[in-house]
file model20.cif (mmCIF, C-alpha atoms and all ligand atoms)
data_coords
#
loop_
_atom_site.label_atom_id
_atom_site.label_comp_id
_atom_site.auth_asym_id
_atom_site.auth_seq_id
_atom_site.Cartn_x
_atom_site.Cartn_y
_atom_site.Cartn_z
CA MET K 18 -44.30 39.79 -65.50
CA ASP K 19 -42.39 36.57 -64.87
CA LEU K 20 -40.47 36.76 -61.54
CA TRP K 21 -38.14 33.96 -60.40
CA TYR K 22 -35.83 33.42 -57.42
CA THR K 23 -32.78 31.54 -58.73
CA GLU K 24 -30.02 30.03 -56.64
CA PRO K 25 -26.90 28.40 -58.09
CA HIS K 26 -26.56 24.95 -56.53
CA THR K 27 -23.26 24.42 -58.35
CA LYS K 28 -21.50 26.30 -61.14
CA ASN K 29 -23.56 24.20 -63.56
CA VAL K 30 -26.86 23.73 -61.75
CA ARG K 31 -29.50 26.30 -60.86
CA PHE K 32 -32.69 25.97 -58.86
CA SER K 33 -35.60 28.39 -59.48
CA ILE K 34 -38.88 29.17 -57.74
CA ALA K 35 -41.60 31.38 -59.24
CA ILE K 36 -42.14 34.51 -57.14
CA ASP K 37 -45.29 36.53 -56.62
CA ARG K 38 -43.77 39.39 -54.67
CA HIS K 39 -40.46 40.51 -53.17
CA LEU K 40 -41.52 41.43 -49.62
CA VAL K 41 -38.25 42.52 -47.98
CA THR K 42 -34.70 43.25 -48.97
CA GLU K 43 -32.22 44.57 -46.46
CA GLN K 44 -28.48 44.59 -45.88
CA SER K 45 -27.90 44.00 -42.16
CA TYR K 46 -24.48 44.37 -40.54
CA TYR K 47 -23.85 40.65 -41.21
CA GLN K 48 -25.68 39.67 -44.39
CA ARG K 49 -28.28 40.46 -47.02
CA ILE K 50 -31.75 39.39 -45.91
CA ASP K 51 -34.61 38.82 -48.38
CA VAL K 52 -38.15 37.52 -48.02
CA PHE K 53 -40.19 36.50 -51.07
CA GLN K 54 -43.78 35.40 -51.51
CA SER K 55 -43.61 32.37 -53.81
CA VAL K 56 -46.32 30.51 -55.64
CA GLU K 57 -45.35 26.94 -54.70
CA PHE K 58 -43.47 27.24 -51.39
CA GLY K 59 -45.24 30.09 -49.56
CA LYS K 60 -42.92 32.68 -48.04
CA ILE K 61 -39.18 32.15 -48.48
CA LEU K 62 -36.29 33.54 -46.41
CA THR K 63 -32.88 33.88 -48.07
CA LEU K 64 -29.59 35.11 -46.56
CA ASP K 65 -26.87 36.37 -48.89
CA GLY K 66 -28.87 34.82 -51.75
CA TYR K 67 -29.01 31.32 -50.19
CA LEU K 68 -32.32 29.80 -49.31
CA MET K 69 -32.80 29.21 -45.58
CA VAL K 70 -36.47 28.47 -45.06
CA THR K 71 -39.64 28.01 -47.08
CA GLU K 72 -43.04 27.79 -45.44
CA LYS K 73 -43.86 24.63 -47.36
CA ASP K 74 -40.90 22.39 -46.47
CA GLU K 75 -39.39 23.91 -43.29
CA PHE K 76 -41.11 21.25 -41.16
CA ILE K 77 -38.74 18.61 -42.53
CA TYR K 78 -35.60 20.45 -41.48
CA HIS K 79 -36.88 21.66 -38.12
CA GLU K 80 -38.38 18.37 -37.01
CA MET K 81 -35.27 16.43 -37.97
CA ILE K 82 -32.86 18.84 -36.27
CA THR K 83 -34.84 18.62 -33.01
CA HIS K 84 -36.62 15.32 -32.40
CA VAL K 85 -33.75 12.92 -33.15
CA ALA K 86 -31.76 14.30 -30.21
CA MET K 87 -34.82 14.62 -27.97
CA ALA K 88 -35.92 11.00 -28.56
CA THR K 89 -32.52 9.84 -27.28
CA LYS K 90 -32.58 12.17 -24.30
CA LEU K 91 -36.16 12.61 -23.14
CA ASP K 92 -35.00 14.07 -19.81
CA ALA K 93 -33.19 17.01 -21.51
CA LYS K 94 -33.94 20.20 -19.63
CA ASN K 95 -31.38 22.78 -20.65
CA ILE K 96 -30.85 23.35 -24.39
CA LEU K 97 -28.58 25.68 -26.36
CA VAL K 98 -29.52 26.57 -29.94
CA ILE K 99 -27.00 28.44 -32.09
CA GLY K 100 -28.24 30.37 -35.12
CA ALA K 101 -31.87 29.43 -35.86
CA GLY K 102 -33.06 33.03 -36.25
CA ASP K 103 -36.21 31.99 -38.10
CA GLY K 104 -37.43 30.27 -34.90
CA GLY K 105 -38.43 26.91 -36.42
CA THR K 106 -36.12 24.86 -34.19
CA ILE K 107 -37.37 26.72 -31.12
CA ARG K 108 -40.98 25.99 -32.14
CA GLU K 109 -40.21 22.26 -32.22
CA LEU K 110 -38.37 22.32 -28.86
CA THR K 111 -41.24 24.12 -27.12
CA LYS K 112 -43.45 21.09 -27.86
CA TYR K 113 -41.68 19.39 -24.92
CA ASP K 114 -43.17 20.46 -21.57
CA THR K 115 -40.19 18.81 -19.85
CA ILE K 116 -37.66 21.30 -21.26
CA GLU K 117 -37.02 24.04 -18.71
CA ASN K 118 -34.68 26.43 -20.50
CA ILE K 119 -33.73 27.20 -24.11
CA ASP K 120 -30.87 29.63 -24.80
CA MET K 121 -30.79 30.78 -28.41
CA VAL K 122 -27.68 32.55 -29.69
CA GLU K 123 -28.23 34.29 -33.01
CA ILE K 124 -25.65 36.67 -34.45
CA ASP K 125 -28.10 38.83 -36.43
CA GLU K 126 -30.99 40.52 -34.61
CA ARG K 127 -32.48 41.66 -37.93
CA VAL K 128 -33.10 38.05 -39.03
CA VAL K 129 -35.20 37.49 -35.91
CA GLU K 130 -37.10 40.76 -36.28
CA ILE K 131 -37.88 40.12 -39.95
CA CYS K 132 -38.95 36.53 -39.25
CA ARG K 133 -41.22 37.66 -36.41
CA GLN K 134 -42.92 39.99 -38.87
CA TYR K 135 -43.02 37.86 -42.05
CA LEU K 136 -42.63 34.24 -40.93
CA PRO K 137 -44.88 33.75 -37.89
CA GLN K 138 -45.20 30.08 -38.88
CA THR K 139 -41.61 29.50 -37.68
CA ALA K 140 -41.17 32.45 -35.28
CA SER K 141 -44.38 31.89 -33.30
CA LYS K 142 -42.73 30.38 -30.20
CA LEU K 143 -39.83 32.78 -29.79
CA ASP K 144 -41.80 34.46 -26.99
CA ASP K 145 -42.19 31.26 -24.97
CA PRO K 146 -41.05 32.17 -21.41
CA ARG K 147 -38.46 29.38 -21.44
CA VAL K 148 -36.66 30.94 -24.42
CA HIS K 149 -33.81 33.42 -23.86
CA ILE K 150 -32.36 35.05 -26.96
CA TYR K 151 -28.78 36.38 -27.03
CA PHE K 152 -27.65 38.38 -30.05
CA GLU K 153 -24.06 37.25 -30.16
CA ASP K 154 -21.59 35.17 -32.15
CA GLY K 155 -22.16 31.48 -31.32
CA LEU K 156 -18.42 30.75 -31.16
CA ARG K 157 -17.78 33.48 -28.61
CA TYR K 158 -20.83 32.50 -26.54
CA VAL K 159 -19.95 28.85 -26.25
CA ARG K 160 -16.33 29.58 -25.23
CA LYS K 161 -17.62 30.79 -21.85
CA LYS K 162 -19.70 27.71 -21.07
CA GLN K 163 -18.79 24.56 -19.19
CA ASN K 164 -20.81 21.44 -18.32
CA GLU K 165 -24.12 23.28 -18.71
CA TYR K 166 -26.27 21.95 -21.54
CA ASP K 167 -28.02 18.62 -22.20
CA ILE K 168 -28.28 19.30 -25.93
CA ILE K 169 -26.65 21.83 -28.27
CA ILE K 170 -28.28 22.33 -31.68
CA VAL K 171 -26.25 24.21 -34.29
CA ASP K 172 -28.82 25.53 -36.77
CA SER K 173 -26.41 27.64 -38.75
CA THR K 174 -25.92 29.03 -42.21
CA ASP K 175 -23.32 27.39 -44.49
CA PRO K 176 -19.55 27.34 -43.77
CA PHE K 177 -18.86 30.80 -45.19
CA GLY K 178 -19.81 34.33 -44.10
CA PRO K 179 -20.90 34.68 -40.45
CA GLY K 180 -21.44 30.90 -40.13
CA GLU K 181 -17.84 29.95 -40.98
CA ASP K 182 -16.62 29.83 -37.37
CA LEU K 183 -19.34 27.33 -36.50
CA PHE K 184 -17.58 24.72 -38.65
CA THR K 185 -14.21 24.78 -36.84
CA ARG K 186 -12.48 22.38 -34.46
CA GLU K 187 -12.31 25.14 -31.86
CA PHE K 188 -16.07 25.51 -31.94
CA TYR K 189 -16.77 21.77 -31.67
CA GLY K 190 -14.24 21.51 -28.82
CA ASN K 191 -16.03 24.29 -26.97
CA CYS K 192 -19.38 22.58 -27.55
CA PHE K 193 -17.92 19.39 -26.01
CA LYS K 194 -16.90 21.42 -22.95
CA ALA K 195 -20.27 23.21 -22.74
CA LEU K 196 -22.17 19.91 -22.74
CA LYS K 197 -22.86 17.79 -19.66
CA ASP K 198 -21.38 14.27 -19.49
CA ASP K 199 -24.33 12.75 -21.32
CA GLY K 200 -24.77 15.72 -23.67
CA ILE K 201 -25.58 15.65 -27.39
CA LEU K 202 -24.49 17.94 -30.23
CA ILE K 203 -26.61 18.22 -33.38
CA ASN K 204 -25.21 20.21 -36.27
CA GLN K 205 -26.06 21.32 -39.77
CA HIS K 206 -23.84 18.99 -41.80
CA GLU K 207 -24.33 20.10 -45.44
CA SER K 208 -25.12 17.73 -48.32
CA PRO K 209 -23.14 14.70 -49.53
CA TYR K 210 -24.15 15.09 -53.16
CA TYR K 211 -22.51 17.98 -55.01
CA GLU K 212 -18.73 18.17 -54.77
CA GLU K 213 -18.33 21.42 -52.84
CA ASP K 214 -21.05 20.54 -50.31
CA ALA K 215 -19.63 17.02 -49.96
CA LYS K 216 -16.18 18.43 -49.16
CA ALA K 217 -17.70 20.55 -46.38
CA SER K 218 -19.59 17.55 -45.07
CA LYS K 219 -16.50 15.38 -45.00
CA ARG K 220 -14.41 18.05 -43.32
CA THR K 221 -17.10 18.66 -40.68
CA HIS K 222 -17.30 14.93 -39.93
CA ARG K 223 -13.52 14.72 -39.56
CA LEU K 224 -13.46 17.64 -37.11
CA ILE K 225 -16.38 16.45 -34.99
CA SER K 226 -15.04 12.87 -34.89
CA SER K 227 -11.74 14.21 -33.56
CA VAL K 228 -13.57 15.74 -30.59
CA PHE K 229 -16.52 13.45 -29.73
CA PRO K 230 -16.31 9.68 -29.00
CA VAL K 231 -19.67 9.13 -30.74
CA SER K 232 -19.99 10.90 -34.09
CA LYS K 233 -22.75 9.82 -36.49
CA VAL K 234 -24.51 11.39 -39.43
CA TYR K 235 -28.17 11.12 -40.45
CA GLN K 236 -30.05 12.14 -43.56
CA PHE K 237 -33.33 13.67 -44.63
CA HIS K 238 -34.88 14.82 -47.88
CA ILE K 239 -35.92 18.40 -48.45
CA PRO K 240 -36.96 19.67 -51.90
CA THR K 241 -35.49 23.19 -51.75
CA TYR K 242 -31.91 22.44 -50.57
CA PRO K 243 -29.19 21.58 -53.11
CA SER K 244 -29.81 18.03 -54.41
CA GLY K 245 -32.72 17.61 -51.98
CA HIS K 246 -30.54 15.30 -49.86
CA TRP K 247 -29.21 16.83 -46.64
CA LEU K 248 -27.34 15.71 -43.52
CA PHE K 249 -27.25 16.51 -39.83
CA GLY K 250 -24.53 15.38 -37.44
CA TYR K 251 -25.25 13.64 -34.12
CA ALA K 252 -22.32 13.63 -31.71
CA SER K 253 -22.24 12.68 -28.04
CA LYS K 254 -20.05 11.67 -25.15
CA GLY K 255 -21.64 8.19 -25.06
CA ILE K 256 -25.31 8.12 -26.05
CA ASP K 257 -25.92 6.18 -29.27
CA PRO K 258 -28.55 7.75 -31.56
CA VAL K 259 -30.09 4.42 -32.60
CA LYS K 260 -29.56 2.03 -29.66
CA ASP K 261 -30.53 4.68 -27.13
CA CYS K 262 -33.59 5.98 -28.98
CA ASP K 263 -36.52 5.66 -26.55
CA ALA K 264 -39.21 5.05 -29.16
CA ASP K 265 -41.89 4.04 -26.65
CA GLY K 266 -41.13 7.01 -24.42
CA TRP K 267 -41.20 9.44 -27.34
CA ASN K 268 -44.42 8.00 -28.78
CA ALA K 269 -46.08 8.16 -25.38
CA LEU K 270 -45.65 11.96 -25.45
CA GLY K 271 -48.19 12.11 -28.31
CA LEU K 272 -46.42 15.01 -30.07
CA SER K 273 -47.69 16.01 -33.47
CA THR K 274 -45.09 15.84 -36.28
CA LYS K 275 -45.43 15.78 -40.06
CA TYR K 276 -42.07 14.19 -41.00
CA TYR K 277 -40.35 12.71 -37.95
CA ASN K 278 -41.36 9.39 -36.43
CA THR K 279 -39.37 6.87 -34.46
CA GLU K 280 -39.09 4.34 -37.32
CA LEU K 281 -37.75 7.04 -39.61
CA HIS K 282 -35.37 8.02 -36.76
CA LYS K 283 -33.60 4.67 -37.03
CA GLY K 284 -33.75 4.58 -40.82
CA ALA K 285 -32.22 8.05 -41.11
CA PHE K 286 -28.89 6.67 -39.85
CA ALA K 287 -28.82 4.00 -42.60
CA LEU K 288 -26.78 5.87 -45.20
CA PRO K 289 -26.27 5.17 -48.91
CA ASN K 290 -22.92 3.54 -49.75
CA TYR K 291 -21.45 6.64 -51.39
CA VAL K 292 -22.21 8.67 -48.27
CA LYS K 293 -20.72 6.02 -45.99
CA GLU K 294 -17.59 6.02 -48.13
CA LEU K 295 -17.37 9.81 -48.04
CA LEU K 296 -17.54 9.81 -44.25
CA ASP K 297 -15.30 6.77 -43.77
CA ASN K 298 -12.62 8.57 -45.78
CA ALA K 299 -12.96 11.69 -43.67
N1 LIG S 301 -32.22 26.29 -42.05
C1 LIG S 301 -31.14 27.10 -42.38
C2 LIG S 301 -30.22 26.62 -43.44
O1 LIG S 301 -30.50 26.83 -44.59
O2 LIG S 301 -29.18 26.02 -43.15
C3 LIG S 301 -30.47 27.79 -41.26
C4 LIG S 301 -31.46 28.71 -40.64
S1 LIG S 301 -31.06 29.98 -39.59
C5 LIG S 301 -31.83 31.28 -40.47
C6 LIG S 301 -29.33 30.27 -39.65
C7 LIG S 301 -28.94 31.45 -38.78
O3 LIG S 301 -27.61 31.30 -38.33
C8 LIG S 301 -29.01 32.80 -39.47
O4 LIG S 301 -30.08 33.54 -38.97
C9 LIG S 301 -27.65 33.46 -39.17
O5 LIG S 301 -27.74 34.83 -38.87
C10 LIG S 301 -27.18 32.62 -38.00
N2 LIG S 301 -25.73 32.61 -37.81
C11 LIG S 301 -24.77 32.57 -38.77
N3 LIG S 301 -23.56 32.61 -38.20
C12 LIG S 301 -23.74 32.68 -36.85
C13 LIG S 301 -22.85 32.75 -35.75
N4 LIG S 301 -21.53 32.77 -35.92
N5 LIG S 301 -23.38 32.78 -34.51
C14 LIG S 301 -24.73 32.77 -34.32
N6 LIG S 301 -25.61 32.72 -35.35
C15 LIG S 301 -25.13 32.66 -36.59
#
call {"tool": "encode", "arguments": {"input": "model20.cif", "output": "structure tokens"}}
result
Amino acid sequence: MDLWYTEPHTKNVRFSIAIDRHLVTEQSYYQRIDVFQSVEFGKILTLDGYLMVTEKDEFIYHEMITHVAMATKLDAKNILVIGAGDGGTIRELTKYDTIENIDMVEIDERVVEICRQYLPQTASKLDDPRVHIYFEDGLRYVRKKQNEYDIIIVDSTDPFGPGEDLFTREFYGNCFKALKDDGILINQHESPYYEEDAKASKRTHRLISSVFPVSKVYQFHIPTYPSGHWLFGYASKGIDPVKDCDADGWNALGLSTKYYNTELHKGAFALPNYVKELLDNA
């Protein structure tokens, strides 16, 4: 039998991965959760039919969402992660002995439970004693916080369903308030390529730029996301992601990474002209 996971990337484009077995399917209170065993990409997690994580290329996403901020703030001690139920971002953060506390706010407990069982590659560090998991809406959580975190990482789903509130001006304003004076916000910034994703990217940039004095965007390439070209946002109250990157300090830590390095860090902020134009017009 020929089994395929197929995701529409636009109305006219579909992306398919050959599947060996369908391991889990469950409707939680918030979303439909599926795990597949694929031939090419190992295990795959999808939420509401959208691909979140594959074992083969998750390192790209999780390294880039974590180390860019850390290399510009090596003294970060208190981190907030919103979403991230698969645990990959937490795994990367726990590589830093200097981090003292990681609060993770995930809306859907079932995502975490299923990832602990089926995706130990990403979920393996969720039990690190520095990690505290709160099963709550990220928007509501961050409303209560003031001047607390060195870095906030928003590792969310797309701007619809439970993730929608994490792409609002109110949310970014609350993140600003929850960060210390030299704090950094990293967010999932969608893709610049296909029209609908590009609209979301542009809108997100406009909202973040209206809240943070420094608002930049960086790119990475990941085979299983629409177009393979994806963006994260880097916003801060003053720290510049390129000028303030402490390459020597980061390299001296001797961390093992498969995608991120400090040369790529700088290059990731050099955007193609069509992306610059998209963001300039935001
Ligand atoms: N790498 C992923 C991607 O494709 O963009 C994101 C991974 S992670 C699985 C995203 C998580 O965000 C999901 O587990 C989802 O439950 C969580 N999430 C969505 N909306 C949320 C909210 N409002 N507050 C907290 N977590 C939320």
call {"tool": "residues_near_ligand", "arguments": {"input": "model20.cif", "ligand": "ligand LIG 301 (chain S)", "cutoff": "9 Å", "atoms": "only C-alpha atoms and all ligand atoms", "output": "ChimeraX atom specification"}}
result
/K:47-48,62-64,67-70,75,78-79,98-106,121-129,132,152-158,171-183,205-207,242
call {"tool": "residues_around", "arguments": {"input": "model20.cif", "residues": "segment 228-234 of chain K", "least_positions_apart": "2", "cutoff": "9 Å", "atoms": "all atoms listed in the file", "output": "compact mmCIF listing (two decimals) with C-alpha atoms, in the coordinates of the input"}}
result
# COMPACT_ATOMS: atom_id res chain seq x y z
CA ARG K 186 -12.48 22.38 -34.46
CA TYR K 189 -16.77 21.77 -31.67
CA GLY K 190 -14.24 21.51 -28.82
CA PHE K 193 -17.92 19.39 -26.01
CA HIS K 206 -23.84 18.99 -41.80
CA HIS K 222 -17.30 14.93 -39.93
CA LEU K 224 -13.46 17.64 -37.11
CA ILE K 225 -16.38 16.45 -34.99
CA SER K 226 -15.04 12.87 -34.89
CA GLN K 236 -30.05 12.14 -43.56
CA LEU K 248 -27.34 15.71 -43.52
CA PHE K 249 -27.25 16.51 -39.83
CA GLY K 250 -24.53 15.38 -37.44
CA TYR K 251 -25.25 13.64 -34.12
CA ALA K 252 -22.32 13.63 -31.71
CA SER K 253 -22.24 12.68 -28.04
CA LYS K 254 -20.05 11.67 -25.15
CA GLY K 255 -21.64 8.19 -25.06
CA ILE K 256 -25.31 8.12 -26.05
CA ASP K 257 -25.92 6.18 -29.27
CA PRO K 258 -28.55 7.75 -31.56
CA ALA K 285 -32.22 8.05 -41.11
CA PHE K 286 -28.89 6.67 -39.85
CA LEU K 288 -26.78 5.87 -45.20
CA LEU K 296 -17.54 9.81 -44.25
call {"tool": "residues_around", "arguments": {"input": "model20.cif", "residues": "Asp120 of chain K", "least_positions_apart": "2", "cutoff": "8 Å", "atoms": "only C-alpha atoms", "output": "CSV table (one decimal) with C-alpha atoms, in the frame of the given file"}}
result
chain,number,residue,atom,x,y,z
K,96,ILE,CA,-30.8,23.4,-24.4
K,97,LEU,CA,-28.6,25.7,-26.4
K,98,VAL,CA,-29.5,26.6,-29.9
K,118,ASN,CA,-34.7,26.4,-20.5
K,122,VAL,CA,-27.7,32.6,-29.7
K,148,VAL,CA,-36.7,30.9,-24.4
K,149,HIS,CA,-33.8,33.4,-23.9
K,150,ILE,CA,-32.4,35.0,-27.0
K,151,TYR,CA,-28.8,36.4,-27.0
call {"tool": "atom_distance", "arguments": {"input": "model20.cif", "atom1": "atom CA of Thr83 of chain K", "atom2": "atom CA of His246 of chain K"}}
result
17.7 Å
call {"tool": "residues_around", "arguments": {"input": "model20.cif", "residues": "Ile61 of chain K", "least_positions_apart": "3", "cutoff": "10 Å", "atoms": "all atoms listed in the file", "output": "number ranges by chain"}}
result
K: 22, 34, 36, 39-40, 51-55, 58, 68-73, 75, 135-136
call {"tool": "closest_residue", "arguments": {"input": "model20.cif", "among": "K:Thr115, K:Gln138, K:Thr89, K:Asn278", "to": "Leu202 of chain K", "atoms": "only C-alpha atoms"}}
result
K:Thr89
call {"tool": "atom_distance", "arguments": {"input": "model20.cif", "atom1": "atom CA of Lys112 of chain K", "atom2": "atom CA of Ser273 of chain K"}}
result
8.7 Å
call {"tool": "axis_aligned_box", "arguments": {"input": "model20.cif", "around": "segment 57-71 of chain K", "padding_each_side": "3 Å", "output": "AutoDock Vina command-line options"}}
result
--center_x -36.1 --center_y 31.7 --center_z -49.9 --size_x 24.5 --size_y 15.4 --size_z 15.6
call {"tool": "residues_near_point", "arguments": {"input": "model20.cif", "point": "(-19.3, 27.1, -21.3)", "cutoff": "8 Å", "atoms": "only C-alpha atoms", "output": "list in words"}}
result
Tyr158, Val159, Arg160, Lys161, Lys162, Gln163, Asn164, Glu165, Asn191, Cys192, Lys194, Ala195 and Leu196 of chain K
call {"tool": "closest_residue", "arguments": {"input": "model20.cif", "among": "K:Ala93, K:Ala299, K:Ile239, K:Leu20", "to": "Asp74 of chain K", "atoms": "all atoms listed in the file"}}
result
K:Ile239
call {"tool": "atom_distance", "arguments": {"input": "model20.cif", "atom1": "atom CA of Ile116 of chain K", "atom2": "atom CA of His282 of chain K"}}
result
20.5 Å
call {"tool": "closest_residue", "arguments": {"input": "model20.cif", "among": "K:Lys90, K:Ala287, K:Thr111, K:Thr27", "to": "Leu272 of chain K", "atoms": "all atoms listed in the file"}}
result
K:Thr111
call {"tool": "closest_residue", "arguments": {"input": "model20.cif", "among": "K:Asn95, K:Arg133, K:Pro289, K:Glu213", "to": "Ile201 of chain K", "atoms": "all atoms listed in the file"}}
result
K:Asn95
call {"tool": "closest_residue", "arguments": {"input": "model20.cif", "among": "K:Tyr235, K:Ala269, K:Arg220, K:Asp144", "to": "Asn298 of chain K", "atoms": "all atoms listed in the file"}}
result
K:Arg220
call {"tool": "build_atoms", "arguments": {"input": "model20.cif", "residues": "segment 155-163 of chain K", "atoms": "all heavy atoms", "output": "JSON list (two decimals), in the frame of the given file"}}
result
[["chain", "number", "residue", "atom", "x", "y", "z"],
["K", 155, "GLY", "N", -22.06, 32.77, -31.99],
["K", 155, "GLY", "CA", -22.16, 31.48, -31.32],
["K", 155, "GLY", "C", -20.81, 30.98, -30.81],
["K", 155, "GLY", "O", -20.73, 30.39, -29.73],
["K", 156, "LEU", "N", -19.75, 31.22, -31.57],
["K", 156, "LEU", "CA", -18.42, 30.75, -31.16],
["K", 156, "LEU", "C", -17.99, 31.43, -29.87],
["K", 156, "LEU", "O", -17.53, 30.79, -28.93],
["K", 156, "LEU", "CB", -17.40, 31.03, -32.28],
["K", 156, "LEU", "CG", -15.95, 30.73, -31.94],
["K", 156, "LEU", "CD1", -15.71, 29.23, -31.80],
["K", 156, "LEU", "CD2", -15.00, 31.29, -33.00],
["K", 157, "ARG", "N", -18.19, 32.73, -29.82],
["K", 157, "ARG", "CA", -17.78, 33.48, -28.61],
["K", 157, "ARG", "C", -18.62, 33.06, -27.41],
["K", 157, "ARG", "O", -18.12, 32.92, -26.30],
["K", 157, "ARG", "CB", -17.96, 34.98, -28.84],
["K", 157, "ARG", "CG", -16.95, 35.55, -29.82],
["K", 157, "ARG", "CD", -17.34, 36.95, -30.18],
["K", 157, "ARG", "NE", -17.17, 37.83, -29.04],
["K", 157, "ARG", "CZ", -16.23, 38.75, -28.96],
["K", 157, "ARG", "NH1", -15.41, 38.93, -29.96],
["K", 157, "ARG", "NH2", -16.12, 39.52, -27.91],
["K", 158, "TYR", "N", -19.92, 32.85, -27.64],
["K", 158, "TYR", "CA", -20.83, 32.50, -26.54],
["K", 158, "TYR", "C", -20.42, 31.18, -25.89],
["K", 158, "TYR", "O", -20.31, 31.05, -24.67],
["K", 158, "TYR", "CB", -22.26, 32.42, -27.07],
["K", 158, "TYR", "CG", -23.28, 32.05, -26.02],
["K", 158, "TYR", "CD1", -23.95, 33.03, -25.29],
["K", 158, "TYR", "CD2", -23.56, 30.71, -25.74],
["K", 158, "TYR", "CE1", -24.88, 32.69, -24.31],
["K", 158, "TYR", "CE2", -24.48, 30.36, -24.76],
["K", 158, "TYR", "CZ", -25.14, 31.35, -24.05],
["K", 158, "TYR", "OH", -26.04, 31.01, -23.08],
["K", 159, "VAL", "N", -20.15, 30.21, -26.76],
["K", 159, "VAL", "CA", -19.95, 28.85, -26.25],
["K", 159, "VAL", "C", -18.59, 28.70, -25.55],
["K", 159, "VAL", "O", -18.42, 27.86, -24.67],
["K", 159, "VAL", "CB", -20.18, 27.83, -27.41],
["K", 159, "VAL", "CG1", -18.94, 27.55, -28.19],
["K", 159, "VAL", "CG2", -20.85, 26.57, -26.93],
["K", 160, "ARG", "N", -17.65, 29.58, -25.90],
["K", 160, "ARG", "CA", -16.33, 29.58, -25.23],
["K", 160, "ARG", "C", -16.46, 29.72, -23.71],
["K", 160, "ARG", "O", -15.65, 29.21, -22.97],
["K", 160, "ARG", "CB", -15.53, 30.79, -25.71],
["K", 160, "ARG", "CG", -14.63, 30.50, -26.88],
["K", 160, "ARG", "CD", -13.79, 31.72, -27.18],
["K", 160, "ARG", "NE", -13.24, 31.64, -28.52],
["K", 160, "ARG", "CZ", -13.10, 32.66, -29.35],
["K", 160, "ARG", "NH1", -13.48, 33.86, -28.99],
["K", 160, "ARG", "NH2", -12.59, 32.48, -30.55],
["K", 161, "LYS", "N", -17.49, 30.46, -23.28],
["K", 161, "LYS", "CA", -17.62, 30.79, -21.85],
["K", 161, "LYS", "C", -18.34, 29.70, -21.05],
["K", 161, "LYS", "O", -18.54, 29.84, -19.86],
["K", 161, "LYS", "CB", -18.42, 32.10, -21.69],
["K", 161, "LYS", "CG", -17.82, 33.29, -22.42],
["K", 161, "LYS", "CD", -18.73, 34.52, -22.36],
["K", 161, "LYS", "CE", -19.87, 34.42, -23.33],
["K", 161, "LYS", "NZ", -20.63, 35.60, -23.63],
["K", 162, "LYS", "N", -18.80, 28.66, -21.72],
["K", 162, "LYS", "CA", -19.70, 27.71, -21.07],
["K", 162, "LYS", "C", -19.00, 26.39, -20.73],
["K", 162, "LYS", "O", -18.18, 25.91, -21.50],
["K", 162, "LYS", "CB", -20.90, 27.41, -21.98],
["K", 162, "LYS", "CG", -21.69, 28.65, -22.33],
["K", 162, "LYS", "CD", -22.44, 29.15, -21.11],
["K", 162, "LYS", "CE", -23.04, 30.51, -21.33],
["K", 162, "LYS", "NZ", -23.73, 31.04, -20.17],
["K", 163, "GLN", "N", -19.38, 25.82, -19.61],
["K", 163, "GLN", "CA", -18.79, 24.56, -19.19],
["K", 163, "GLN", "C", -19.83, 23.68, -18.51],
["K", 163, "GLN", "O", -20.49, 24.14, -17.58],
["K", 163, "GLN", "CB", -17.64, 24.84, -18.22],
["K", 163, "GLN", "CG", -16.74, 23.66, -18.10],
["K", 163, "GLN", "CD", -15.32, 24.05, -17.69],
["K", 163, "GLN", "OE1", -15.02, 25.23, -17.49],
["K", 163, "GLN", "NE2", -14.45, 23.07, -17.57]]
